[in-house]
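Asker: protein_38.tsv is reproduced in full below (TSV, C-alpha atoms).
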```tsv
chain	number	residue	atom	x	y	z
A	1	ASN	CA	5.82	2.80	46.47
A	2	ALA	CA	6.15	4.06	42.89
A	3	GLY	CA	9.14	1.91	41.88
A	4	VAL	CA	10.83	3.14	38.69
A	5	THR	CA	9.13	6.04	36.95
A	6	GLN	CA	9.93	7.09	33.40
A	7	THR	CA	8.77	10.21	31.60
A	8	PRO	CA	7.58	10.85	28.97
A	9	LYS	CA	5.76	7.69	27.83
A	10	PHE	CA	5.76	8.79	24.19
A	11	GLN	CA	7.88	11.29	22.27
A	12	VAL	CA	8.32	12.30	18.64
A	13	LEU	CA	11.49	14.19	17.71
A	14	LYS	CA	12.81	15.66	14.54
A	15	THR	CA	16.25	14.62	13.37
A	16	GLY	CA	18.88	16.75	15.09
A	17	GLN	CA	16.77	17.70	18.09
A	18	SER	CA	17.96	16.93	21.59
A	19	MET	CA	15.96	15.75	24.55
A	20	THR	CA	16.22	14.13	27.96
A	21	LEU	CA	14.42	10.98	29.04
A	22	GLN	CA	13.75	11.08	32.75
A	23	CYS	CA	14.06	8.14	35.16
A	24	ALA	CA	13.49	8.20	38.89
A	25	GLN	CA	13.34	5.48	41.52
A	26	ASP	CA	12.22	5.74	45.12
A	27	MET	CA	13.77	2.52	46.45
A	28	ASN	CA	17.21	3.94	47.28
A	29	HIS	CA	18.78	1.62	44.72
A	30	GLU	CA	22.41	2.25	43.90
A	31	TYR	CA	22.48	0.56	40.48
A	32	MET	CA	20.49	2.06	37.63
A	33	SER	CA	20.64	1.39	33.92
A	34	TRP	CA	19.19	2.35	30.56
A	35	TYR	CA	18.24	-0.14	27.84
A	36	ARG	CA	16.80	0.18	24.39
A	37	GLN	CA	14.54	-2.50	22.91
A	38	ASP	CA	14.30	-3.01	19.18
A	39	PRO	CA	12.54	-5.74	17.20
A	40	GLY	CA	14.90	-8.64	16.55
A	41	MET	CA	17.60	-7.16	18.79
A	42	GLY	CA	16.37	-7.74	22.32
A	43	LEU	CA	17.20	-5.39	25.15
A	44	ARG	CA	20.59	-3.72	24.84
A	45	LEU	CA	22.38	-1.80	27.56
A	46	ILE	CA	23.13	1.86	26.78
A	47	HIS	CA	24.63	3.24	30.01
A	48	TYR	CA	24.62	2.28	33.64
A	49	SER	CA	25.49	3.73	37.03
A	50	VAL	CA	26.63	1.98	40.19
A	51	GLY	CA	25.97	5.00	42.37
A	52	ALA	CA	25.70	8.78	42.49
A	53	GLY	CA	28.52	10.38	40.52
A	54	ILE	CA	29.53	7.13	38.79
A	55	THR	CA	28.46	6.18	35.27
A	56	ASP	CA	29.79	3.83	32.61
A	57	GLN	CA	29.07	2.82	29.04
A	58	GLY	CA	27.12	-0.23	28.04
A	59	GLU	CA	26.86	-2.02	24.72
A	60	VAL	CA	25.39	0.83	22.60
A	61	PRO	CA	26.39	4.17	24.17
A	62	ASN	CA	27.00	6.28	21.05
A	63	GLY	CA	24.67	9.28	20.76
A	64	TYR	CA	23.62	9.17	24.40
A	65	ASN	CA	24.85	10.87	27.57
A	66	VAL	CA	23.99	10.18	31.20
A	67	SER	CA	24.70	11.69	34.58
A	68	ARG	CA	23.90	10.62	38.13
A	69	SER	CA	23.86	13.57	40.50
A	70	THR	CA	21.50	11.89	42.98
A	71	THR	CA	20.68	8.30	43.95
A	72	GLU	CA	17.09	8.75	42.78
A	73	ASP	CA	17.52	10.16	39.26
A	74	PHE	CA	19.28	8.85	36.15
A	75	PRO	CA	18.40	10.92	33.07
A	76	LEU	CA	19.33	9.85	29.54
A	77	ARG	CA	20.16	12.60	27.07
A	78	LEU	CA	19.98	12.30	23.32
A	79	LEU	CA	22.43	14.84	21.97
A	80	SER	CA	21.29	15.04	18.33
A	81	ALA	CA	18.47	12.63	17.57
A	82	ALA	CA	18.78	10.32	14.58
A	83	PRO	CA	16.19	7.97	13.03
A	84	SER	CA	18.34	5.04	14.22
A	85	GLN	CA	17.47	6.05	17.77
A	86	THR	CA	13.81	5.28	17.20
A	87	SER	CA	13.18	2.64	19.86
A	88	VAL	CA	11.56	1.86	23.18
A	89	TYR	CA	13.74	2.91	26.10
A	90	PHE	CA	13.63	1.27	29.52
A	91	CYS	CA	15.17	2.39	32.75
A	92	ALA	CA	15.91	-0.25	35.39
A	93	SER	CA	17.27	-0.44	38.90
A	94	ARG	CA	18.46	-2.98	41.41
A	95	GLY	CA	19.42	-2.79	45.03
A	96	GLY	CA	21.94	-4.42	47.30
A	97	GLN	CA	25.64	-5.01	47.13
A	98	GLY	CA	25.47	-8.65	46.08
A	99	THR	CA	27.20	-9.43	42.83
A	100	LEU	CA	24.38	-11.77	41.80
A	101	ASN	CA	21.65	-9.15	41.99
A	102	THR	CA	19.86	-8.41	38.77
A	103	GLU	CA	17.72	-5.60	37.45
A	104	ALA	CA	14.54	-6.48	39.28
A	105	PHE	CA	12.65	-3.27	38.59
A	106	PHE	CA	11.95	-1.77	35.19
A	107	GLY	CA	10.05	1.35	34.28
A	108	GLN	CA	7.11	1.35	31.89
A	109	GLY	CA	9.23	2.54	28.98
A	110	THR	CA	9.46	5.58	26.71
A	111	ARG	CA	8.49	5.03	23.09
A	112	LEU	CA	10.62	7.41	21.00
A	113	THR	CA	10.17	8.10	17.31
A	114	VAL	CA	12.69	10.22	15.40
A	115	VAL	CA	11.46	11.53	12.06
B	1	GLU	CA	31.53	-15.07	21.36
B	2	ASP	CA	29.19	-15.04	24.33
B	3	GLN	CA	25.55	-15.11	23.34
B	4	VAL	CA	22.06	-16.20	24.29
B	5	THR	CA	19.39	-17.64	21.98
B	6	GLN	CA	15.74	-18.21	22.79
B	7	SER	CA	13.42	-20.63	21.02
B	8	PRO	CA	10.87	-20.75	19.68
B	9	GLU	CA	10.35	-17.13	18.67
B	10	ALA	CA	6.62	-17.56	19.10
B	11	LEU	CA	4.48	-20.28	20.67
B	12	ARG	CA	0.74	-20.67	20.59
B	13	LEU	CA	-0.90	-23.01	23.12
B	14	GLN	CA	-4.39	-23.99	24.09
B	15	GLU	CA	-5.38	-23.39	27.68
B	16	GLY	CA	-4.14	-26.33	29.75
B	17	GLU	CA	-1.57	-27.44	27.15
B	18	SER	CA	1.80	-27.61	28.91
B	19	SER	CA	5.02	-26.76	27.10
B	20	SER	CA	8.57	-25.43	27.54
B	21	LEU	CA	10.53	-22.43	26.35
B	22	ASN	CA	14.24	-22.75	25.70
B	23	CYS	CA	17.12	-20.40	26.42
B	24	SER	CA	20.52	-21.56	25.14
B	25	TYR	CA	23.58	-19.69	26.23
B	26	THR	CA	27.26	-19.64	25.43
B	27	VAL	CA	29.30	-17.85	28.04
B	28	SER	CA	32.73	-18.53	29.46
B	29	GLY	CA	31.70	-17.95	33.05
B	30	LEU	CA	28.06	-17.80	34.11
B	31	ARG	CA	27.25	-15.77	37.19
B	32	GLY	CA	23.47	-16.05	36.84
B	33	LEU	CA	20.63	-16.82	34.42
B	34	PHE	CA	17.47	-14.73	34.73
B	35	TRP	CA	13.92	-15.00	33.42
B	36	TYR	CA	11.56	-12.09	32.89
B	37	ARG	CA	8.00	-11.69	31.67
B	38	GLN	CA	7.05	-8.72	29.49
B	39	ASP	CA	3.49	-7.70	28.69
B	40	PRO	CA	2.76	-5.48	25.67
B	41	GLY	CA	3.58	-1.83	26.38
B	42	LYS	CA	5.15	-2.64	29.73
B	43	GLY	CA	8.64	-3.07	31.12
B	44	PRO	CA	10.04	-6.53	31.90
B	45	GLU	CA	8.91	-8.12	35.16
B	46	PHE	CA	11.51	-10.19	37.00
B	47	LEU	CA	10.58	-13.86	37.51
B	48	PHE	CA	13.55	-16.05	38.48
B	49	THR	CA	17.27	-16.20	39.06
B	50	LEU	CA	19.21	-19.46	38.54
B	51	TYR	CA	22.81	-19.68	39.63
B	52	SER	CA	24.08	-23.19	38.96
B	53	ALA	CA	23.36	-26.26	36.84
B	54	GLY	CA	20.67	-28.45	38.37
B	55	GLU	CA	18.92	-25.60	40.10
B	56	GLU	CA	15.14	-25.22	39.76
B	57	LYS	CA	12.77	-22.41	40.75
B	58	GLU	CA	8.96	-22.44	40.71
B	59	LYS	CA	6.25	-19.83	40.77
B	60	GLU	CA	2.62	-20.81	40.23
B	61	ARG	CA	2.45	-22.50	36.79
B	62	LEU	CA	6.06	-21.66	35.90
B	63	LYS	CA	9.19	-23.67	36.63
B	64	ALA	CA	12.66	-22.64	35.51
B	65	THR	CA	15.54	-25.10	35.24
B	66	LEU	CA	19.20	-24.71	34.37
B	67	THR	CA	21.85	-26.92	32.78
B	68	LYS	CA	25.38	-26.01	31.77
B	69	LYS	CA	24.25	-24.95	28.30
B	70	GLU	CA	20.59	-24.01	28.53
B	71	SER	CA	17.66	-23.05	30.66
B	72	PHE	CA	14.05	-24.09	30.28
B	73	LEU	CA	10.91	-22.31	31.38
B	74	HIS	CA	8.25	-24.97	31.82
B	75	ILE	CA	4.64	-23.82	31.76
B	76	THR	CA	2.18	-26.28	33.27
B	77	ALA	CA	-1.52	-26.04	32.37
B	78	PRO	CA	-1.21	-22.46	31.11
B	79	LYS	CA	-4.03	-19.94	31.28
B	80	PRO	CA	-4.73	-17.03	28.90
B	81	GLU	CA	-3.26	-14.63	31.46
B	82	ASP	CA	0.11	-16.32	30.98
B	83	SER	CA	0.24	-14.83	27.48
B	84	ALA	CA	3.29	-12.56	27.30
B	85	THR	CA	6.83	-12.39	25.97
B	86	TYR	CA	9.29	-14.30	28.12
B	87	LEU	CA	12.87	-13.05	28.17
B	88	CYS	CA	15.97	-14.75	29.47
B	89	ALA	CA	19.22	-12.98	30.28
B	90	TYR	CA	22.57	-13.91	31.72
B	91	LYS	CA	25.28	-12.24	33.68
B	92	GLU	CA	28.94	-13.18	33.34
B	93	THR	CA	31.34	-13.72	36.21
B	94	SER	CA	33.40	-10.82	34.87
B	95	GLY	CA	31.29	-7.67	34.99
B	96	SER	CA	27.78	-6.72	36.03
B	97	ARG	CA	26.10	-6.38	32.64
B	98	LEU	CA	22.93	-8.29	31.73
B	99	THR	CA	22.76	-9.77	28.21
B	100	PHE	CA	19.22	-10.48	27.00
B	101	GLY	CA	17.83	-12.92	24.50
B	102	GLU	CA	15.21	-11.79	22.00
B	103	GLY	CA	12.37	-13.47	23.80
B	104	THR	CA	9.61	-16.00	23.14
B	105	GLN	CA	6.15	-14.60	22.52
B	106	LEU	CA	3.67	-16.94	24.19
B	107	THR	CA	-0.04	-16.87	23.35
B	108	VAL	CA	-2.47	-19.05	25.32
B	109	ASN	CA	-5.89	-19.39	23.74
B	110	PRO	CA	-8.96	-20.09	25.90
```
Show how you would write the structure in this file as C-alpha coordinates.

Answerer:
Amino acid sequence: NAGVTQTPKFQVLKTGQSMTLQCAQDMNHEYMSWYRQDPGMGLRLIHYSVGAGITDQGEVPNGYNVSRSTTEDFPLRLLSAAPSQTSVYFCASRGGQGTLNTEAFFGQGTRLTVV
Amino acid sequence: EDQVTQSPEALRLQEGESSSLNCSYTVSGLRGLFWYRQDPGKGPEFLFTLYSAGEEKEKERLKATLTKKESFLHITAPKPEDSATYLCAYKETSGSRLTFGEGTQLTVNP
(Lines of atoms letter the chains of each structure in order from A and count residues from 1; the text may use other names and numbers.)
(Lines give C-alpha, C1' and ligand atoms only; values in the text may rest on other atoms or scores of the structure.)
Protein backbone atom coordinates (compact mmCIF):
# COMPACT_ATOMS: atom_id res chain seq x y z
CA ASN A 1 0.00 0.00 0.00
CA ALA A 2 1.87 3.08 -1.25
CA GLY A 3 -0.46 5.71 0.26
CA VAL A 4 0.07 9.18 -1.24
CA THR A 5 2.94 9.47 -3.71
CA GLN A 6 4.35 12.79 -4.85
CA THR A 7 6.84 13.40 -7.63
CA PRO A 8 9.34 14.94 -7.98
CA LYS A 9 10.88 15.26 -4.49
CA PHE A 10 13.02 18.23 -5.51
CA GLN A 11 12.75 20.71 -8.36
CA VAL A 12 14.50 23.92 -9.39
CA LEU A 13 12.73 26.18 -11.88
CA LYS A 14 13.60 29.42 -13.54
CA THR A 15 11.19 32.32 -13.22
CA GLY A 16 8.49 32.03 -15.86
CA GLN A 17 8.80 28.30 -16.41
CA SER A 18 5.82 26.03 -15.95
CA MET A 19 5.68 22.60 -14.42
CA THR A 20 3.34 20.01 -12.95
CA LEU A 21 3.68 18.46 -9.52
CA GLN A 22 2.28 14.96 -9.53
CA CYS A 23 0.20 13.37 -6.75
CA ALA A 24 -1.31 9.91 -6.75
CA GLN A 25 -3.08 7.87 -4.10
CA ASP A 26 -4.03 4.21 -4.18
CA MET A 27 -6.61 4.21 -1.37
CA ASN A 28 -9.63 5.18 -3.47
CA HIS A 29 -9.99 8.40 -1.49
CA GLU A 30 -12.44 10.93 -2.84
CA TYR A 31 -10.97 14.03 -1.14
CA MET A 32 -7.54 15.24 -2.17
CA SER A 33 -5.81 18.53 -1.48
CA TRP A 34 -2.63 20.51 -2.07
CA TYR A 35 -0.85 22.56 0.60
CA ARG A 36 2.24 24.69 0.64
CA GLN A 37 4.40 25.01 3.74
CA ASP A 38 6.50 28.09 4.35
CA PRO A 39 8.51 29.11 7.42
CA GLY A 40 6.38 31.17 9.78
CA MET A 41 3.22 30.56 7.74
CA GLY A 42 2.25 26.99 8.50
CA LEU A 43 0.49 24.80 6.00
CA ARG A 44 -1.85 26.68 3.67
CA LEU A 45 -4.43 25.13 1.38
CA ILE A 46 -3.96 25.83 -2.34
CA HIS A 47 -6.68 23.75 -4.05
CA TYR A 48 -8.78 20.76 -3.17
CA SER A 49 -11.04 18.22 -4.82
CA VAL A 50 -13.99 16.31 -3.39
CA GLY A 51 -14.06 13.83 -6.24
CA ALA A 52 -13.22 13.22 -9.88
CA GLY A 53 -14.20 16.21 -12.00
CA ILE A 54 -14.71 18.51 -9.00
CA THR A 55 -12.12 21.02 -7.80
CA ASP A 56 -12.22 24.20 -5.73
CA GLN A 57 -9.90 26.94 -4.54
CA GLY A 58 -8.31 27.06 -1.14
CA GLU A 59 -6.65 29.90 0.72
CA VAL A 60 -3.79 30.65 -1.74
CA PRO A 61 -4.85 29.52 -5.24
CA ASN A 62 -3.30 32.27 -7.38
CA GLY A 63 -0.67 31.01 -9.83
CA TYR A 64 -1.77 27.38 -9.57
CA ASN A 65 -4.17 25.18 -11.53
CA VAL A 66 -5.52 21.73 -10.74
CA SER A 67 -7.63 19.09 -12.41
CA ARG A 68 -9.06 15.78 -11.24
CA SER A 69 -9.76 13.47 -14.16
CA THR A 70 -9.44 10.30 -12.07
CA THR A 71 -9.93 9.40 -8.40
CA GLU A 72 -6.26 8.46 -8.09
CA ASP A 73 -4.49 11.52 -9.50
CA PHE A 74 -4.51 15.20 -8.54
CA PRO A 75 -1.76 17.14 -10.33
CA LEU A 76 -0.85 20.72 -9.43
CA ARG A 77 0.28 22.97 -12.24
CA LEU A 78 2.39 26.08 -11.86
CA LEU A 79 1.54 28.26 -14.83
CA SER A 80 4.46 30.72 -14.74
CA ALA A 81 6.75 30.12 -11.78
CA ALA A 82 7.68 33.04 -9.55
CA PRO A 83 10.22 33.22 -6.69
CA SER A 84 7.27 33.62 -4.28
CA GLN A 85 6.28 30.07 -5.15
CA THR A 86 9.47 28.70 -3.63
CA SER A 87 8.09 26.38 -0.96
CA VAL A 88 7.51 22.80 0.09
CA TYR A 89 4.35 21.37 -1.43
CA PHE A 90 2.31 18.58 0.15
CA CYS A 91 -0.48 16.55 -1.32
CA ALA A 92 -2.98 14.96 1.07
CA SER A 93 -6.01 12.73 0.93
CA ARG A 94 -8.79 11.48 3.13
CA GLY A 95 -11.48 8.90 2.70
CA GLY A 96 -15.08 8.46 3.74
CA GLN A 97 -18.15 10.60 3.55
CA GLY A 98 -18.11 11.75 7.17
CA THR A 99 -17.94 15.48 7.62
CA LEU A 100 -15.49 15.10 10.51
CA ASN A 101 -12.86 13.26 8.50
CA THR A 102 -9.53 14.97 8.20
CA GLU A 103 -6.54 14.69 5.90
CA ALA A 104 -5.06 11.56 7.40
CA PHE A 105 -2.55 10.84 4.65
CA PHE A 106 0.12 13.20 3.38
CA GLY A 107 2.75 12.67 0.73
CA GLN A 108 6.45 13.15 1.37
CA GLY A 109 6.47 16.60 -0.18
CA THR A 110 8.04 18.35 -3.17
CA ARG A 111 10.67 20.96 -2.38
CA LEU A 112 10.46 23.61 -5.12
CA THR A 113 12.93 26.42 -5.64
CA VAL A 114 12.25 29.16 -8.20
CA VAL A 115 15.28 31.21 -9.18
CA GLU B 1 -11.09 36.47 12.57
CA ASP B 2 -10.74 32.72 12.98
CA GLN B 3 -7.21 31.66 13.81
CA VAL B 4 -5.03 29.13 15.59
CA THR B 5 -1.86 29.82 17.57
CA GLN B 6 0.62 27.27 18.87
CA SER B 7 3.04 27.79 21.75
CA PRO B 8 5.84 27.59 22.41
CA GLU B 9 7.46 27.83 18.99
CA ALA B 10 10.24 25.55 20.17
CA LEU B 11 10.67 23.36 23.25
CA ARG B 12 13.74 21.50 24.40
CA LEU B 13 13.31 18.73 26.99
CA GLN B 14 15.50 16.17 28.65
CA GLU B 15 14.51 12.56 28.21
CA GLY B 16 11.84 11.75 30.80
CA GLU B 17 10.90 15.39 31.40
CA SER B 18 7.15 15.69 30.85
CA SER B 19 5.61 18.83 29.38
CA SER B 20 2.69 20.19 27.35
CA LEU B 21 2.25 21.93 24.02
CA ASN B 22 -0.52 24.47 23.58
CA CYS B 23 -2.86 25.14 20.67
CA SER B 24 -5.19 28.12 21.13
CA TYR B 25 -7.96 28.62 18.65
CA THR B 26 -10.56 31.22 17.86
CA VAL B 27 -13.32 29.91 15.65
CA SER B 28 -17.03 30.58 15.59
CA GLY B 29 -18.00 26.95 15.18
CA LEU B 30 -15.52 24.13 15.76
CA ARG B 31 -16.13 20.90 13.90
CA GLY B 32 -12.87 19.24 14.96
CA LEU B 33 -9.38 19.87 16.33
CA PHE B 34 -6.55 17.75 14.93
CA TRP B 35 -2.97 17.01 15.94
CA TYR B 36 -0.21 15.94 13.59
CA ARG B 37 3.45 15.07 13.95
CA GLN B 38 5.95 16.12 11.27
CA ASP B 39 9.50 14.83 11.02
CA PRO B 40 12.12 16.79 9.04
CA GLY B 41 11.73 16.26 5.30
CA LYS B 42 8.49 14.33 5.71
CA GLY B 43 4.79 15.03 5.40
CA PRO B 44 2.59 15.45 8.48
CA GLU B 45 1.49 12.25 10.22
CA PHE B 46 -2.01 12.26 11.68
CA LEU B 47 -2.19 11.69 15.46
CA PHE B 48 -5.55 12.64 16.98
CA THR B 49 -8.97 14.12 16.35
CA LEU B 50 -10.88 15.90 19.14
CA TYR B 51 -14.48 16.89 18.60
CA SER B 52 -15.81 18.46 21.78
CA ALA B 53 -14.64 20.17 24.97
CA GLY B 54 -13.63 17.69 27.65
CA GLU B 55 -12.59 15.02 25.19
CA GLU B 56 -9.22 13.29 25.60
CA LYS B 57 -7.27 10.94 23.32
CA GLU B 58 -4.12 8.97 24.14
CA LYS B 59 -1.43 7.24 22.13
CA GLU B 60 1.67 5.90 23.86
CA ARG B 61 3.34 8.87 25.60
CA LEU B 62 0.99 11.45 24.04
CA LYS B 63 -2.35 12.66 25.35
CA ALA B 64 -4.43 15.34 23.65
CA THR B 65 -7.11 17.31 25.47
CA LEU B 66 -9.61 19.93 24.34
CA THR B 67 -11.35 22.88 25.99
CA LYS B 68 -13.56 25.50 24.39
CA LYS B 69 -10.57 27.74 23.64
CA GLU B 70 -7.50 25.53 23.47
CA SER B 71 -6.05 22.10 23.09
CA PHE B 72 -3.05 20.62 24.86
CA LEU B 73 -0.73 17.87 23.75
CA HIS B 74 0.76 16.37 26.89
CA ILE B 75 3.98 14.41 26.51
CA THR B 76 4.76 12.08 29.40
CA ALA B 77 8.34 10.87 29.94
CA PRO B 78 9.41 11.76 26.39
CA LYS B 79 12.11 9.89 24.50
CA PRO B 80 14.48 11.25 21.84
CA GLU B 81 12.34 9.62 19.15
CA ASP B 82 9.50 11.96 20.12
CA SER B 83 11.53 14.84 18.68
CA ALA B 84 9.52 16.37 15.83
CA THR B 85 7.34 19.34 14.97
CA TYR B 86 3.81 19.00 16.30
CA LEU B 87 1.05 20.72 14.33
CA CYS B 88 -2.51 21.41 15.34
CA ALA B 89 -5.30 22.26 12.93
CA TYR B 90 -9.01 22.89 13.13
CA LYS B 91 -11.99 22.49 10.90
CA GLU B 92 -15.00 24.79 11.08
CA THR B 93 -18.61 23.68 11.07
CA SER B 94 -19.07 25.61 7.82
CA GLY B 95 -16.82 24.09 5.18
CA SER B 96 -14.31 21.28 4.95
CA ARG B 97 -11.04 23.23 5.01
CA LEU B 98 -8.28 22.52 7.56
CA THR B 99 -6.53 25.55 9.09
CA PHE B 100 -3.10 24.78 10.53
CA GLY B 101 -1.05 26.41 13.24
CA GLU B 102 2.64 27.04 12.71
CA GLY B 103 3.72 24.19 14.91
CA THR B 104 5.89 23.55 17.97
CA GLN B 105 9.34 22.12 17.32
CA LEU B 106 10.07 19.63 20.09
CA THR B 107 13.59 18.38 20.80
CA VAL B 108 14.15 15.66 23.40
CA ASN B 109 17.76 15.23 24.47
CA PRO B 110 19.02 11.86 25.74

Asker: Write out as a tab-separated table the residues of chain B that have any atom within 12 Å of an atom of chain A, one row each with the nearest atom pair and its distance in Å to one decimal, counting only C-alpha atoms, sorted by chain and then rising number.

Answerer:
```
residue	atom	partner	partner_atom	distance
B:Gln3	CA	A:Gly42	CA	11.8
B:Val4	CA	A:Gly42	CA	10.4
B:Thr5	CA	A:Gly42	CA	10.4
B:Gln6	CA	A:Gly42	CA	10.5
B:Glu9	CA	A:Gly40	CA	9.9
B:Leu30	CA	A:Leu100	CA	10.4
B:Arg31	CA	A:Leu100	CA	6.7
B:Gly32	CA	A:Leu100	CA	6.6
B:Leu33	CA	A:Thr102	CA	9.5
B:Phe34	CA	A:Thr102	CA	7.9
B:Trp35	CA	A:Ala104	CA	10.4
B:Tyr36	CA	A:Ala104	CA	9.0
B:Arg37	CA	A:Phe106	CA	11.2
B:Gln38	CA	A:Phe106	CA	10.2
B:Asp39	CA	A:Gln108	CA	10.3
B:Pro40	CA	A:Gln108	CA	10.2
B:Gly41	CA	A:Gln108	CA	7.3
B:Lys42	CA	A:Gln108	CA	4.9
B:Gly43	CA	A:Gln108	CA	4.7
B:Pro44	CA	A:Phe106	CA	6.1
B:Glu45	CA	A:Phe105	CA	7.0
B:Phe46	CA	A:Ala104	CA	5.3
B:Leu47	CA	A:Ala104	CA	8.6
B:Phe48	CA	A:Ala104	CA	9.7
B:Thr49	CA	A:Thr102	CA	8.2
B:Leu50	CA	A:Leu100	CA	9.8
B:Tyr51	CA	A:Leu100	CA	8.4
B:Ser52	CA	A:Leu100	CA	11.8
B:Thr85	CA	A:Gly42	CA	11.2
B:Tyr86	CA	A:Gly42	CA	11.3
B:Leu87	CA	A:Gly42	CA	8.6
B:Cys88	CA	A:Gly42	CA	10.0
B:Ala89	CA	A:Leu43	CA	9.4
B:Tyr90	CA	A:Thr102	CA	9.3
B:Lys91	CA	A:Leu100	CA	8.2
B:Glu92	CA	A:Leu100	CA	9.7
B:Thr93	CA	A:Thr99	CA	8.9
B:Ser94	CA	A:Thr99	CA	10.2
B:Gly95	CA	A:Thr99	CA	9.0
B:Ser96	CA	A:Thr99	CA	7.3
B:Arg97	CA	A:Gly58	CA	7.7
B:Leu98	CA	A:Thr102	CA	7.7
B:Thr99	CA	A:Arg44	CA	7.3
B:Phe100	CA	A:Leu43	CA	5.8
B:Gly101	CA	A:Gly42	CA	5.8
B:Glu102	CA	A:Gly42	CA	4.2
B:Gly103	CA	A:Gly42	CA	7.1
B:Thr104	CA	A:Gly42	CA	10.7
```

Asker: Quick one: everything within 6 Å of Ser83 (chain B), counting all atoms listed in the file, minus sequence neighbours fewer than 4 positions away in the same chain. Send it as a VMD selection string.

Answerer: chain B and resid 106 to 108

Asker: With distances taken over all atoms listed in the file, which of B:Gly16, B:Asp82, B:Ser7, B:Ser24 is nearest to Lys69 (chain B)?

Answerer: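 Selected residue with least distance to Lys69 (chain B): B:Ser24.
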
Asker: Suppose you want the space between CA of Leu13 (chain B) and CA of Gly54 (chain B); what is it in Å?

Answerer: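 It comes out at 27.0 Å.
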
Asker: Report, in Å with one decimal, the straight-line distance from CA of Thr15 (chain A) to CA of Asn65 (chain A).

Answerer: 17.0 Å

Asker: Pick out the closest residue to Ala81 (chain A) from this set: A:Met32, A:Val12, A:Met27, A:Val4. Count all atoms listed in the file.

Answerer: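 Ranking A:Met32, A:Val12, A:Met27, A:Val4 by distance to Ala81 (chain A), first place goes to A:Val12.
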
Asker: Determine, counting only C-alpha atoms, which protein, DNA and RNA residues have an atom within 6 Å of an atom of Leu112 (chain A); residues of the same chain fewer than 5 positions away are not included. Present the result as a list in words.

Answerer: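 That gives Phe10, Gln11, Val12, Thr86 and Ser87 of chain A.
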
Asker: I'd like the neighbourhood of Ser80 (chain A) as an MDAnalysis selection string, where a residue qualifies if any of its atoms comes within 12 Å (using all atoms listed in the file), though same-chain residues fewer than 3 positions away should be ignored.

Answerer: chainID A and resid 13:20 62:65 77 83:85 114

Asker: For CA of Ala24 (chain A) and CA of Pro75 (chain A), quote the distance in Å rounded to one decimal.

Answerer: 8.1 Å

Asker: Given the choices B:Lys79, B:Lys68, B:Lys57, B:Lys63, which gets closest to Arg12 (chain B) if the distance is worked out from all atoms listed in the file?

Answerer: B:Lys79

Asker: From the list B:Glu17, B:Pro110, B:Ala10, B:Gly29, which residue is nearest Glu81 (chain B) when using only C-alpha atoms?

Answerer: B:Pro110

Asker: Of the candidates A:Asn28, A:Gln22, A:Thr55, A:Thr71, which shows the shortest atom-to-atom distance to Thr7 (chain A), using only C-alpha atoms?

Answerer: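 Ranked by minimum distance to Thr7 (chain A), first place goes to A:Gln22.
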
Asker: Using only C-alpha atoms, give me every residue within 6 Å of (9.5, -19.9, 34.7) in file coordinates, as a PyMOL selection string.

Answerer: chain B and resi 62-64+73-74
